[in-house]
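S.K.: Next up, protein21.cif (mmCIF, C-alpha atoms, pLDDT in the B column; chains and numbers go by the auth columns).
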```cif
data_upload
#
loop_
_atom_site.group_PDB
_atom_site.id
_atom_site.type_symbol
_atom_site.label_atom_id
_atom_site.label_comp_id
_atom_site.label_asym_id
_atom_site.label_seq_id
_atom_site.Cartn_x
_atom_site.Cartn_y
_atom_site.Cartn_z
_atom_site.B_iso_or_equiv
_atom_site.auth_seq_id
_atom_site.auth_asym_id
ATOM 1 C CA MET A 1 -24.592 -33.440 -28.916 43.00 1 S
ATOM 2 C CA SER A 2 -23.360 -30.413 -30.857 44.00 2 S
ATOM 3 C CA HIS A 3 -21.503 -28.742 -27.984 45.00 3 S
ATOM 4 C CA LEU A 4 -18.521 -30.083 -26.061 42.00 4 S
ATOM 5 C CA PRO A 5 -18.759 -30.412 -22.283 48.00 5 S
ATOM 6 C CA GLU A 6 -17.453 -27.508 -20.222 47.00 6 S
ATOM 7 C CA ASP A 7 -14.589 -29.495 -18.689 47.00 7 S
ATOM 8 C CA MET A 8 -13.365 -30.576 -22.134 48.00 8 S
ATOM 9 C CA GLU A 9 -13.510 -26.988 -23.373 49.00 9 S
ATOM 10 C CA ASN A 10 -11.532 -25.812 -20.338 48.00 10 S
ATOM 11 C CA ALA A 11 -8.917 -28.474 -20.971 46.00 11 S
ATOM 12 C CA LEU A 12 -8.603 -27.428 -24.616 43.00 12 S
ATOM 13 C CA THR A 13 -8.259 -23.749 -23.752 49.00 13 S
ATOM 14 C CA GLY A 14 -5.671 -24.545 -21.063 47.00 14 S
ATOM 15 C CA SER A 15 -3.594 -26.598 -23.475 47.00 15 S
ATOM 16 C CA GLN A 16 -3.782 -23.860 -26.086 49.00 16 S
ATOM 17 C CA SER A 17 -2.655 -21.211 -23.596 47.00 17 S
ATOM 18 C CA SER A 18 0.255 -23.347 -22.411 44.00 18 S
ATOM 19 C CA HIS A 19 1.265 -24.009 -26.031 46.00 19 S
ATOM 20 C CA ALA A 20 1.125 -20.277 -26.734 46.00 20 S
ATOM 21 C CA SER A 21 3.321 -19.528 -23.722 44.00 21 S
ATOM 22 C CA LEU A 22 5.876 -22.088 -24.891 43.00 22 S
ATOM 23 C CA CYS A 23 5.863 -20.534 -28.353 50.00 23 S
ATOM 24 C CA ASN A 24 6.496 -17.150 -26.772 49.00 24 S
ATOM 25 C CA VAL A 25 9.442 -18.585 -24.889 42.00 25 S
ATOM 26 C CA HIS A 26 10.826 -19.956 -28.160 46.00 26 S
ATOM 27 C CA SER A 27 10.655 -16.525 -29.718 50.00 27 S
ATOM 28 C CA ILE A 28 12.582 -14.782 -26.877 51.00 28 S
ATOM 29 C CA ASN A 29 16.209 -13.952 -27.464 55.00 29 S
ATOM 30 C CA PRO A 30 18.393 -15.187 -24.578 57.00 30 S
ATOM 31 C CA ALA A 31 20.471 -12.014 -24.726 57.00 31 S
ATOM 32 C CA GLN A 32 17.330 -9.957 -24.201 58.00 32 S
ATOM 33 C CA LEU A 33 16.324 -12.168 -21.291 53.00 33 S
ATOM 34 C CA MET A 34 19.678 -11.745 -19.581 57.00 34 S
ATOM 35 C CA ALA A 35 19.606 -7.987 -20.163 59.00 35 S
ATOM 36 C CA ARG A 36 16.161 -7.719 -18.565 55.00 36 S
ATOM 37 C CA ILE A 37 17.132 -9.862 -15.600 55.00 37 S
ATOM 38 C CA GLU A 38 20.307 -7.842 -15.021 57.00 38 S
ATOM 39 C CA SER A 39 18.373 -4.578 -15.195 56.00 39 S
ATOM 40 C CA TYR A 40 15.838 -5.763 -12.591 51.00 40 S
ATOM 41 C CA GLU A 41 18.570 -7.180 -10.373 56.00 41 S
ATOM 42 C CA GLY A 42 20.411 -3.871 -10.605 55.00 42 S
ATOM 43 C CA ARG A 43 17.311 -2.098 -9.323 55.00 43 S
ATOM 44 C CA GLU A 44 17.116 -4.532 -6.418 54.00 44 S
ATOM 45 C CA LYS A 45 20.778 -3.988 -5.561 54.00 45 S
ATOM 46 C CA LYS A 46 20.189 -0.243 -5.255 59.00 46 S
ATOM 47 C CA GLY A 47 18.232 -1.077 -2.109 74.00 47 S
ATOM 48 C CA ILE A 48 15.439 1.433 -2.677 87.00 48 S
ATOM 49 C CA SER A 49 13.419 2.191 -5.769 91.00 49 S
ATOM 50 C CA ASP A 50 13.296 5.595 -7.412 92.00 50 S
ATOM 51 C CA VAL A 51 9.640 6.159 -6.571 95.00 51 S
ATOM 52 C CA ARG A 52 10.239 5.226 -2.911 96.00 52 S
ATOM 53 C CA ARG A 53 13.195 7.616 -2.789 95.00 53 S
ATOM 54 C CA THR A 54 10.942 10.371 -4.109 96.00 54 S
ATOM 55 C CA PHE A 55 8.422 9.586 -1.389 97.00 55 S
ATOM 56 C CA CYS A 56 11.122 9.849 1.312 97.00 56 S
ATOM 57 C CA LEU A 57 12.227 13.188 -0.128 97.00 57 S
ATOM 58 C CA PHE A 58 8.665 14.454 0.078 97.00 58 S
ATOM 59 C CA VAL A 59 8.420 13.332 3.709 97.00 59 S
ATOM 60 C CA THR A 60 11.614 15.290 4.414 97.00 60 S
ATOM 61 C CA PHE A 61 10.129 18.292 2.611 98.00 61 S
ATOM 62 C CA ASP A 62 7.060 18.004 4.859 97.00 62 S
ATOM 63 C CA LEU A 63 9.194 18.338 7.988 97.00 63 S
ATOM 64 C CA LEU A 64 11.341 21.174 6.626 97.00 64 S
ATOM 65 C CA PHE A 65 8.378 23.155 5.317 97.00 65 S
ATOM 66 C CA VAL A 66 6.421 22.957 8.571 97.00 66 S
ATOM 67 C CA THR A 67 9.595 23.851 10.506 96.00 67 S
ATOM 68 C CA LEU A 68 10.151 26.869 8.263 96.00 68 S
ATOM 69 C CA LEU A 69 6.590 28.096 8.770 94.00 69 S
ATOM 70 C CA TRP A 70 6.876 27.642 12.534 93.00 70 S
ATOM 71 C CA ILE A 71 10.167 29.604 12.658 93.00 71 S
ATOM 72 C CA ILE A 72 8.547 32.406 10.653 92.00 72 S
ATOM 73 C CA GLU A 73 5.637 32.425 13.086 90.00 73 S
ATOM 74 C CA LEU A 74 8.052 32.644 16.036 90.00 74 S
ATOM 75 C CA ASN A 75 9.863 35.571 14.455 90.00 75 S
ATOM 76 C CA VAL A 76 6.681 37.443 13.575 88.00 76 S
ATOM 77 C CA ASN A 77 5.089 37.235 17.042 79.00 77 S
ATOM 78 C CA GLY A 78 7.703 39.147 19.060 78.00 78 S
ATOM 79 C CA GLY A 79 11.056 37.517 18.289 81.00 79 S
ATOM 80 C CA ILE A 80 12.252 33.925 18.230 87.00 80 S
ATOM 81 C CA GLU A 81 13.607 33.746 21.800 87.00 81 S
ATOM 82 C CA ASN A 82 10.578 35.224 23.550 87.00 82 S
ATOM 83 C CA THR A 83 8.016 33.361 21.445 88.00 83 S
ATOM 84 C CA LEU A 84 9.968 30.094 21.720 89.00 84 S
ATOM 85 C CA GLU A 85 9.972 30.349 25.509 89.00 85 S
ATOM 86 C CA ARG A 86 6.257 31.118 25.533 89.00 86 S
ATOM 87 C CA GLU A 87 5.302 28.242 23.174 90.00 87 S
ATOM 88 C CA VAL A 88 7.755 25.560 24.363 92.00 88 S
ATOM 89 C CA VAL A 89 8.598 26.220 28.016 90.00 89 S
ATOM 90 C CA GLN A 90 5.182 27.649 28.852 91.00 90 S
ATOM 91 C CA TYR A 91 3.325 25.345 26.478 92.00 91 S
ATOM 92 C CA ASP A 92 -0.401 25.915 26.094 90.00 92 S
ATOM 93 C CA TYR A 93 -2.447 23.575 23.943 90.00 93 S
ATOM 94 C CA TYR A 94 -4.939 26.304 23.040 89.00 94 S
ATOM 95 C CA SER A 95 -2.453 28.878 21.717 87.00 95 S
ATOM 96 C CA SER A 96 0.868 27.162 20.893 90.00 96 S
ATOM 97 C CA TYR A 97 2.068 25.958 17.478 92.00 97 S
ATOM 98 C CA PHE A 98 4.805 23.785 18.974 94.00 98 S
ATOM 99 C CA ASP A 99 2.631 20.657 18.897 94.00 99 S
ATOM 100 C CA ILE A 100 2.066 21.063 15.145 95.00 100 S
ATOM 101 C CA PHE A 101 5.844 21.053 14.686 96.00 101 S
ATOM 102 C CA LEU A 102 6.112 17.925 16.865 96.00 102 S
ATOM 103 C CA LEU A 103 3.406 16.334 14.727 96.00 103 S
ATOM 104 C CA ALA A 104 5.580 16.882 11.632 97.00 104 S
ATOM 105 C CA VAL A 105 8.549 15.337 13.458 97.00 105 S
ATOM 106 C CA PHE A 106 6.363 12.350 14.370 97.00 106 S
ATOM 107 C CA ARG A 107 5.353 11.828 10.734 97.00 107 S
ATOM 108 C CA PHE A 108 8.953 12.120 9.561 98.00 108 S
ATOM 109 C CA LYS A 109 10.352 9.596 12.048 97.00 109 S
ATOM 110 C CA VAL A 110 7.620 6.989 11.547 97.00 110 S
ATOM 111 C CA LEU A 111 7.576 7.171 7.744 97.00 111 S
ATOM 112 C CA ILE A 112 11.352 7.230 7.260 97.00 112 S
ATOM 113 C CA LEU A 113 11.785 4.354 9.698 97.00 113 S
ATOM 114 C CA ALA A 114 9.034 2.312 8.055 97.00 114 S
ATOM 115 C CA TYR A 115 9.597 2.973 4.363 96.00 115 S
ATOM 116 C CA ALA A 116 13.288 3.916 4.108 95.00 116 S
ATOM 117 C CA VAL A 117 14.966 1.863 6.855 95.00 117 S
ATOM 118 C CA CYS A 118 12.627 -1.146 7.133 94.00 118 S
ATOM 119 C CA ARG A 119 11.378 -0.842 3.518 93.00 119 S
ATOM 120 C CA LEU A 120 7.833 -1.878 4.314 93.00 120 S
ATOM 121 C CA ARG A 121 5.460 -2.685 1.474 92.00 121 S
ATOM 122 C CA HIS A 122 2.280 -2.088 3.404 92.00 122 S
ATOM 123 C CA TRP A 123 0.135 0.968 4.079 94.00 123 S
ATOM 124 C CA TRP A 124 -0.342 0.580 7.857 95.00 124 S
ATOM 125 C CA ALA A 125 2.427 3.068 8.802 96.00 125 S
ATOM 126 C CA ILE A 126 1.121 5.851 6.564 97.00 126 S
ATOM 127 C CA ALA A 127 -2.412 5.096 7.754 97.00 127 S
ATOM 128 C CA LEU A 128 -1.255 5.535 11.354 97.00 128 S
ATOM 129 C CA THR A 129 0.483 8.884 10.763 97.00 129 S
ATOM 130 C CA THR A 130 -2.376 10.260 8.671 97.00 130 S
ATOM 131 C CA ALA A 131 -5.020 9.207 11.189 97.00 131 S
ATOM 132 C CA VAL A 132 -3.096 10.705 14.133 97.00 132 S
ATOM 133 C CA THR A 133 -2.423 13.921 12.195 97.00 133 S
ATOM 134 C CA SER A 134 -6.021 14.334 11.075 97.00 134 S
ATOM 135 C CA ALA A 135 -7.507 13.639 14.504 97.00 135 S
ATOM 136 C CA PHE A 136 -5.063 15.922 16.319 96.00 136 S
ATOM 137 C CA LEU A 137 -5.475 18.826 13.885 95.00 137 S
ATOM 138 C CA LEU A 138 -9.264 18.588 13.894 95.00 138 S
ATOM 139 C CA ALA A 139 -9.340 18.598 17.699 94.00 139 S
ATOM 140 C CA LYS A 140 -6.894 21.499 17.889 93.00 140 S
ATOM 141 C CA VAL A 141 -8.815 23.584 15.368 91.00 141 S
ATOM 142 C CA ILE A 142 -12.089 22.999 17.236 91.00 142 S
ATOM 143 C CA LEU A 143 -10.801 23.501 20.794 90.00 143 S
ATOM 144 C CA SER A 144 -7.922 25.970 20.460 86.00 144 S
ATOM 145 C CA LYS A 145 -7.812 29.720 19.802 82.00 145 S
ATOM 146 C CA LEU A 146 -5.479 29.664 16.802 82.00 146 S
ATOM 147 C CA PHE A 147 -7.785 31.591 14.487 80.00 147 S
ATOM 148 C CA SER A 148 -7.539 34.649 16.710 81.00 148 S
ATOM 149 C CA GLN A 149 -3.726 34.775 16.327 80.00 149 S
ATOM 150 C CA GLY A 150 -3.507 35.861 12.707 81.00 150 S
ATOM 151 C CA ALA A 151 -2.828 34.110 9.412 85.00 151 S
ATOM 152 C CA PHE A 152 -0.623 31.375 10.877 84.00 152 S
ATOM 153 C CA GLY A 153 -3.601 30.094 12.829 87.00 153 S
ATOM 154 C CA TYR A 154 -5.015 29.039 9.456 89.00 154 S
ATOM 155 C CA VAL A 155 -1.840 28.253 7.502 92.00 155 S
ATOM 156 C CA LEU A 156 -0.042 25.765 9.772 93.00 156 S
ATOM 157 C CA PRO A 157 -2.989 23.410 10.457 94.00 157 S
ATOM 158 C CA ILE A 158 -4.144 23.449 6.833 94.00 158 S
ATOM 159 C CA ILE A 159 -0.645 22.863 5.410 95.00 159 S
ATOM 160 C CA SER A 160 0.024 20.003 7.838 96.00 160 S
ATOM 161 C CA PHE A 161 -3.303 18.374 6.996 97.00 161 S
ATOM 162 C CA ILE A 162 -2.758 18.647 3.219 97.00 162 S
ATOM 163 C CA LEU A 163 0.832 17.338 3.334 97.00 163 S
ATOM 164 C CA ALA A 164 -0.195 14.313 5.391 97.00 164 S
ATOM 165 C CA TRP A 165 -2.878 13.319 2.885 97.00 165 S
ATOM 166 C CA ILE A 166 -0.589 13.929 -0.117 97.00 166 S
ATOM 167 C CA GLU A 167 1.890 11.496 1.438 97.00 167 S
ATOM 168 C CA THR A 168 -0.894 8.940 1.824 97.00 168 S
ATOM 169 C CA TRP A 169 -2.018 9.324 -1.781 97.00 169 S
ATOM 170 C CA PHE A 170 1.540 9.141 -3.136 97.00 170 S
ATOM 171 C CA LEU A 171 2.386 5.948 -1.251 96.00 171 S
ATOM 172 C CA ASP A 172 -0.901 4.164 -1.918 94.00 172 S
ATOM 173 C CA PHE A 173 -1.294 5.070 -5.596 95.00 173 S
ATOM 174 C CA LYS A 174 2.313 5.450 -6.773 93.00 174 S
ATOM 175 C CA VAL A 175 4.921 3.717 -4.606 95.00 175 S
ATOM 176 C CA LEU A 176 3.290 0.411 -3.699 94.00 176 S
ATOM 177 C CA PRO A 177 1.590 -0.321 -7.086 94.00 177 S
ATOM 178 C CA GLN A 178 4.704 0.541 -9.103 93.00 178 S
ATOM 179 C CA GLU A 179 6.970 -1.616 -6.940 91.00 179 S
ATOM 180 C CA ALA A 180 4.507 -4.517 -7.143 91.00 180 S
ATOM 181 C CA GLU A 181 4.400 -4.180 -10.932 91.00 181 S
ATOM 182 C CA GLU A 182 8.193 -4.220 -11.183 87.00 182 S
ATOM 183 C CA GLU A 183 8.356 -7.300 -8.978 85.00 183 S
ATOM 184 C CA ASN A 184 5.794 -9.105 -11.162 85.00 184 S
ATOM 185 C CA ARG A 185 7.785 -8.236 -14.262 83.00 185 S
ATOM 186 C CA LEU A 186 10.929 -9.660 -12.700 77.00 186 S
ATOM 187 C CA LEU A 187 9.132 -12.910 -11.827 78.00 187 S
ATOM 188 C CA ILE A 188 7.753 -13.210 -15.357 81.00 188 S
ATOM 189 C CA VAL A 189 11.168 -12.685 -16.934 71.00 189 S
ATOM 190 C CA GLN A 190 12.819 -15.160 -14.584 68.00 190 S
ATOM 191 C CA ASP A 191 10.101 -17.740 -15.275 69.00 191 S
ATOM 192 C CA ALA A 192 10.558 -17.259 -19.023 69.00 192 S
ATOM 193 C CA SER A 193 14.317 -17.696 -18.726 66.00 193 S
ATOM 194 C CA GLU A 194 13.867 -20.918 -16.736 65.00 194 S
ATOM 195 C CA ARG A 195 11.461 -22.298 -19.332 68.00 195 S
ATOM 196 C CA ALA A 196 13.824 -21.341 -22.130 63.00 196 S
ATOM 197 C CA ALA A 197 16.688 -23.153 -20.412 63.00 197 S
ATOM 198 C CA LEU A 198 14.604 -26.352 -20.215 64.00 198 S
ATOM 199 C CA ILE A 199 13.894 -26.396 -23.957 61.00 199 S
ATOM 200 C CA PRO A 200 16.843 -28.033 -25.813 56.00 200 S
ATOM 201 C CA GLY A 201 18.015 -25.869 -28.661 51.00 201 S
ATOM 202 C CA GLY A 202 14.893 -23.772 -28.391 48.00 202 S
ATOM 203 C CA LEU A 203 16.723 -20.509 -28.408 47.00 203 S
ATOM 204 C CA SER A 204 19.519 -21.156 -30.899 46.00 204 S
ATOM 205 C CA ASP A 205 20.047 -18.496 -33.516 48.00 205 S
ATOM 206 C CA GLY A 206 20.143 -21.045 -36.344 48.00 206 S
ATOM 207 C CA GLN A 207 16.635 -22.195 -35.567 47.00 207 S
ATOM 208 C CA PHE A 208 15.195 -18.864 -36.583 47.00 208 S
ATOM 209 C CA TYR A 209 17.229 -18.593 -39.808 48.00 209 S
ATOM 210 C CA SER A 210 15.075 -18.304 -42.897 53.00 210 S
ATOM 211 C CA PRO A 211 16.697 -18.719 -46.342 55.00 211 S
ATOM 212 C CA PRO A 212 16.216 -15.948 -48.890 56.00 212 S
ATOM 213 C CA GLU A 213 13.146 -16.295 -51.018 54.00 213 S
ATOM 214 C CA SER A 214 13.665 -17.598 -54.539 52.00 214 S
ATOM 215 C CA GLU A 215 12.555 -15.513 -57.472 51.00 215 S
ATOM 216 C CA ALA A 216 8.941 -16.089 -58.370 48.00 216 S
ATOM 217 C CA GLY A 217 8.351 -18.053 -61.510 52.00 217 S
ATOM 218 C CA SER A 218 11.994 -19.121 -62.034 56.00 218 S
ATOM 219 C CA GLU A 219 11.152 -22.817 -62.225 60.00 219 S
ATOM 220 C CA GLU A 220 8.315 -22.217 -64.677 61.00 220 S
ATOM 221 C CA GLU A 221 10.583 -20.170 -66.958 63.00 221 S
ATOM 222 C CA ALA A 222 13.204 -22.958 -66.980 62.00 222 S
ATOM 223 C CA GLU A 223 10.575 -25.533 -68.002 64.00 223 S
ATOM 224 C CA GLU A 224 9.318 -23.288 -70.805 65.00 224 S
ATOM 225 C CA LYS A 225 12.874 -22.905 -72.163 61.00 225 S
ATOM 226 C CA GLN A 226 13.368 -26.675 -72.189 63.00 226 S
ATOM 227 C CA ASP A 227 10.067 -27.191 -74.051 63.00 227 S
ATOM 228 C CA SER A 228 11.048 -24.580 -76.662 62.00 228 S
ATOM 229 C CA GLU A 229 14.478 -26.165 -77.239 57.00 229 S
ATOM 230 C CA LYS A 230 13.089 -29.697 -77.924 55.00 230 S
ATOM 231 C CA PRO A 231 11.702 -28.937 -81.461 53.00 231 S
ATOM 232 C CA LEU A 232 15.007 -27.395 -82.495 49.00 232 S
ATOM 233 C CA LEU A 233 16.919 -30.501 -81.456 49.00 233 S
ATOM 234 C CA GLU A 234 14.547 -32.737 -83.394 53.00 234 S
ATOM 235 C CA LEU A 235 15.178 -30.726 -86.561 50.00 235 S
#
```
Represent the structure contained in this file as structure tokens.
M.R.:
Amino acid sequence: MSHLPEDMENALTGSQSSHASLCNVHSINPAQLMARIESYEGREKKGISDVRRTFCLFVTFDLLFVTLLWIIELNVNGGIENTLEREVVQYDYYSSYFDIFLLAVFRFKVLILAYAVCRLRHWWAIALTTAVTSAFLLAKVILSKLFSQGAFGYVLPIISFILAWIETWFLDFKVLPQEAEEENRLLIVQDASERAALIPGGLSDGQFYSPPESEAGSEEEAEEKQDSEKPLLEL
């Protein structure tokens, strides 16, 4: 038969890949390994990654921005005190913006508790807040009379809806994948350091020392000189 069996080919490829990984371990400088491990451990000691911190800041911005818009709406529609009493004390689902503010508070509390305090690495919390926000805003826009109350009837629901989905996109496509990639890198570096420690003398500096190259043709020139000197000695 001209072709090897599939199991033999798989065994050969597996042995070649393992040999290549061991060669890569031989070529790693232990100082570089320790520097990488210390850098990853330093990130872990910070407690929260940079991208997760940015996400928490954006969640805080969501709450503050919606609060600012709601305060402006209260001041525009007859003064803060009178409008606040009408929207909070005499709450009406069809005309009040107070529930949109409470929706922003709900998103802030759930997301900060889940991803800053508990440091979850799953999307269920952001899925919950986004689903509740989307369903509530769609129902309020359909059933309420916000559009008849001026520009804020459009601005507050639209801004809340957009911010909720930006938070979902940022967590799902930035925070979780980047943290998973950093964790995989840490595991790879730690595994390489463990393999390097098991290889005796595999990472010594003297092993990789290469002597300087000799000048090309030096031996041939010496032989030619000896051949040319022999006739002179015979004379």
S.K.: Leaving out S:Ser134 and any residue of its chain fewer than 4 positions from it, which residues lie within 9 Å of it when counting only C-alpha atoms, given as a ChimeraX atom specification?
M.R.: /S:129-130,138-139,160-161,164-165
S.K.: Once the PyMOL selection byres ((chain S and resi 51) around 8) is applied to the coordinates I shared, what remains selected? I want it as a list in words.
M.R.: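 Answer for the PyMOL selection byres ((chain S and resi 51) around 8): Ser49, Asp50, Arg52, Arg53, Thr54, Phe55, Lys174, Val175 and Gln178 of chain S.
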S.K.: Nearest residue to S:Ile162 out of S:Leu74, S:Val66, S:Val189, S:Ala116, using only C-alpha atoms?
M.R.: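 Among S:Leu74, S:Val66, S:Val189, S:Ala116, it is S:Val66 that comes nearest to S:Ile162.
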S.K.: What gap, in Å, lies between atom CA of S:Leu171 and atom CA of S:Trp123?
M.R.: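 The value is 7.6 Å.
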S.K.: Could you please give me, as a PDB file with C-alpha atoms, in the coordinates of the input, the residues of protein, DNA or RNA lying at most 12 Å from (9.2, 6.7, 6.6) in the coordinate frame of the file, considering all atoms listed in the file?
M.R.:
```pdb
ATOM      1  CA  ARG S  52      10.239   5.226  -2.911  1.00 96.00           C
ATOM      2  CA  ARG S  53      13.195   7.616  -2.789  1.00 95.00           C
ATOM      3  CA  THR S  54      10.942  10.371  -4.109  1.00 96.00           C
ATOM      4  CA  PHE S  55       8.422   9.586  -1.389  1.00 97.00           C
ATOM      5  CA  CYS S  56      11.122   9.849   1.312  1.00 97.00           C
ATOM      6  CA  LEU S  57      12.227  13.188  -0.128  1.00 97.00           C
ATOM      7  CA  PHE S  58       8.665  14.454   0.078  1.00 97.00           C
ATOM      8  CA  VAL S  59       8.420  13.332   3.709  1.00 97.00           C
ATOM      9  CA  THR S  60      11.614  15.290   4.414  1.00 97.00           C
ATOM     10  CA  ASP S  62       7.060  18.004   4.859  1.00 97.00           C
ATOM     11  CA  LEU S  63       9.194  18.338   7.988  1.00 97.00           C
ATOM     12  CA  ALA S 104       5.580  16.882  11.632  1.00 97.00           C
ATOM     13  CA  VAL S 105       8.549  15.337  13.458  1.00 97.00           C
ATOM     14  CA  PHE S 106       6.363  12.350  14.370  1.00 97.00           C
ATOM     15  CA  ARG S 107       5.353  11.828  10.734  1.00 97.00           C
ATOM     16  CA  PHE S 108       8.953  12.120   9.561  1.00 98.00           C
ATOM     17  CA  LYS S 109      10.352   9.596  12.048  1.00 97.00           C
ATOM     18  CA  VAL S 110       7.620   6.989  11.547  1.00 97.00           C
ATOM     19  CA  LEU S 111       7.576   7.171   7.744  1.00 97.00           C
ATOM     20  CA  ILE S 112      11.352   7.230   7.260  1.00 97.00           C
ATOM     21  CA  LEU S 113      11.785   4.354   9.698  1.00 97.00           C
ATOM     22  CA  ALA S 114       9.034   2.312   8.055  1.00 97.00           C
ATOM     23  CA  TYR S 115       9.597   2.973   4.363  1.00 96.00           C
ATOM     24  CA  ALA S 116      13.288   3.916   4.108  1.00 95.00           C
ATOM     25  CA  VAL S 117      14.966   1.863   6.855  1.00 95.00           C
ATOM     26  CA  CYS S 118      12.627  -1.146   7.133  1.00 94.00           C
ATOM     27  CA  ARG S 119      11.378  -0.842   3.518  1.00 93.00           C
ATOM     28  CA  LEU S 120       7.833  -1.878   4.314  1.00 93.00           C
ATOM     29  CA  ARG S 121       5.460  -2.685   1.474  1.00 92.00           C
ATOM     30  CA  HIS S 122       2.280  -2.088   3.404  1.00 92.00           C
ATOM     31  CA  TRP S 123       0.135   0.968   4.079  1.00 94.00           C
ATOM     32  CA  TRP S 124      -0.342   0.580   7.857  1.00 95.00           C
ATOM     33  CA  ALA S 125       2.427   3.068   8.802  1.00 96.00           C
ATOM     34  CA  ILE S 126       1.121   5.851   6.564  1.00 97.00           C
ATOM     35  CA  ALA S 127      -2.412   5.096   7.754  1.00 97.00           C
ATOM     36  CA  LEU S 128      -1.255   5.535  11.354  1.00 97.00           C
ATOM     37  CA  THR S 129       0.483   8.884  10.763  1.00 97.00           C
ATOM     38  CA  GLU S 167       1.890  11.496   1.438  1.00 97.00           C
ATOM     39  CA  THR S 168      -0.894   8.940   1.824  1.00 97.00           C
ATOM     40  CA  LEU S 171       2.386   5.948  -1.251  1.00 96.00           C
TER      41      LEU S 171
END
```
S.K.: Pick out the closest residue to S:Ile166 from this set: S:Val76, S:Glu81, S:Phe61, S:Gly47. Count only C-alpha atoms.
M.R.: S:Phe61
S.K.: What gap, in Å, lies between atom CA of S:Ile159 and atom CA of S:Trp70?
M.R.: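 These two atoms are separated by 11.4 Å.
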S.K.: Around all of stretch 48-54 of chain S's listed atoms, make the axis-aligned box with 6 Å on each side and tell me centre and edge lengths in Å to one decimal, as AutoDock Vina command-line options.
M.R.:
```
--center_x 12.5 --center_y 5.9 --center_z -5.0 --size_x 17.8 --size_y 20.9 --size_z 16.7
```
S.K.: Show me, as a ChimeraX atom specification, the residues that have an atom within 12 Å of S:Ala151 when counting all atoms listed in the file, minus same-chain residues fewer than 6 positions from it.
M.R.: /S:69,72-73,76-77,157-158
S.K.: Counting only C-alpha atoms, figure out which residue out of S:Tyr154, S:Leu68, S:Phe136, S:Phe98 gets nearest to S:Glu85.
M.R.: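 Checking each candidate against S:Glu85, we get S:Phe98 as the closest.
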S.K.: Do you know which residues are at most 7 Å from stretch 143-146 of chain S counting all atoms listed in the file, after dropping those on the same chain fewer than 2 positions away, and could you put them as a list in words?
M.R.: Tyr93, Tyr94, Ser95, Ala139, Lys140, Val141, Ser148, Gln149 and Gly153 of chain S
S.K.: Tell me, in Å to one decimal, how far atom CA of S:Ile100 is from atom CA of S:Leu137.
M.R.: 8.0 Å
S.K.: Looking at S:Gly78, S:Leu176, S:Val89, S:Thr133, which one is nearest to S:Leu102, with distances taken over all atoms listed in the file?
M.R.: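 Checking each of S:Gly78, S:Leu176, S:Val89, S:Thr133 against S:Leu102, counting all atoms listed in the file, the winner is S:Thr133.
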S.K.: Could you pull stretch 107-119 of chain S out of the structure I just pasted and write it to a file containing N, CA and C atoms, as a CSV table (one decimal), in the first residue's frame?
M.R.:
```
chain,number,residue,atom,x,y,z
S,107,ARG,N,-31.2,49.3,35.9
S,107,ARG,CA,-30.1,48.8,35.1
S,107,ARG,C,-28.8,49.0,35.8
S,108,PHE,N,-28.7,50.2,36.4
S,108,PHE,CA,-27.4,50.5,37.1
S,108,PHE,C,-27.2,49.5,38.3
S,109,LYS,N,-28.2,49.3,39.1
S,109,LYS,CA,-28.0,48.4,40.3
S,109,LYS,C,-27.7,47.0,39.9
S,110,VAL,N,-28.4,46.5,38.9
S,110,VAL,CA,-28.2,45.1,38.5
S,110,VAL,C,-26.9,44.9,37.9
S,111,LEU,N,-26.5,45.8,37.0
S,111,LEU,CA,-25.2,45.6,36.2
S,111,LEU,C,-24.0,45.8,37.1
S,112,ILE,N,-24.0,46.8,38.0
S,112,ILE,CA,-22.9,47.1,38.9
S,112,ILE,C,-22.8,45.9,39.9
S,113,LEU,N,-23.9,45.4,40.4
S,113,LEU,CA,-23.9,44.3,41.3
S,113,LEU,C,-23.3,43.1,40.7
S,114,ALA,N,-23.7,42.8,39.4
S,114,ALA,CA,-23.3,41.6,38.7
S,114,ALA,C,-21.9,41.7,38.2
S,115,TYR,N,-21.5,42.8,37.6
S,115,TYR,CA,-20.2,42.8,36.9
S,115,TYR,C,-19.1,43.6,37.6
S,116,ALA,N,-19.5,44.3,38.6
S,116,ALA,CA,-18.4,45.0,39.4
S,116,ALA,C,-18.2,44.4,40.8
S,117,VAL,N,-19.3,44.1,41.5
S,117,VAL,CA,-19.2,43.5,42.8
S,117,VAL,C,-19.0,42.0,42.7
S,118,CYS,N,-19.9,41.3,42.0
S,118,CYS,CA,-19.8,39.8,41.9
S,118,CYS,C,-18.8,39.4,40.8
S,119,ARG,N,-18.5,40.3,39.8
S,119,ARG,CA,-17.5,40.0,38.7
S,119,ARG,C,-18.0,38.8,37.9
```
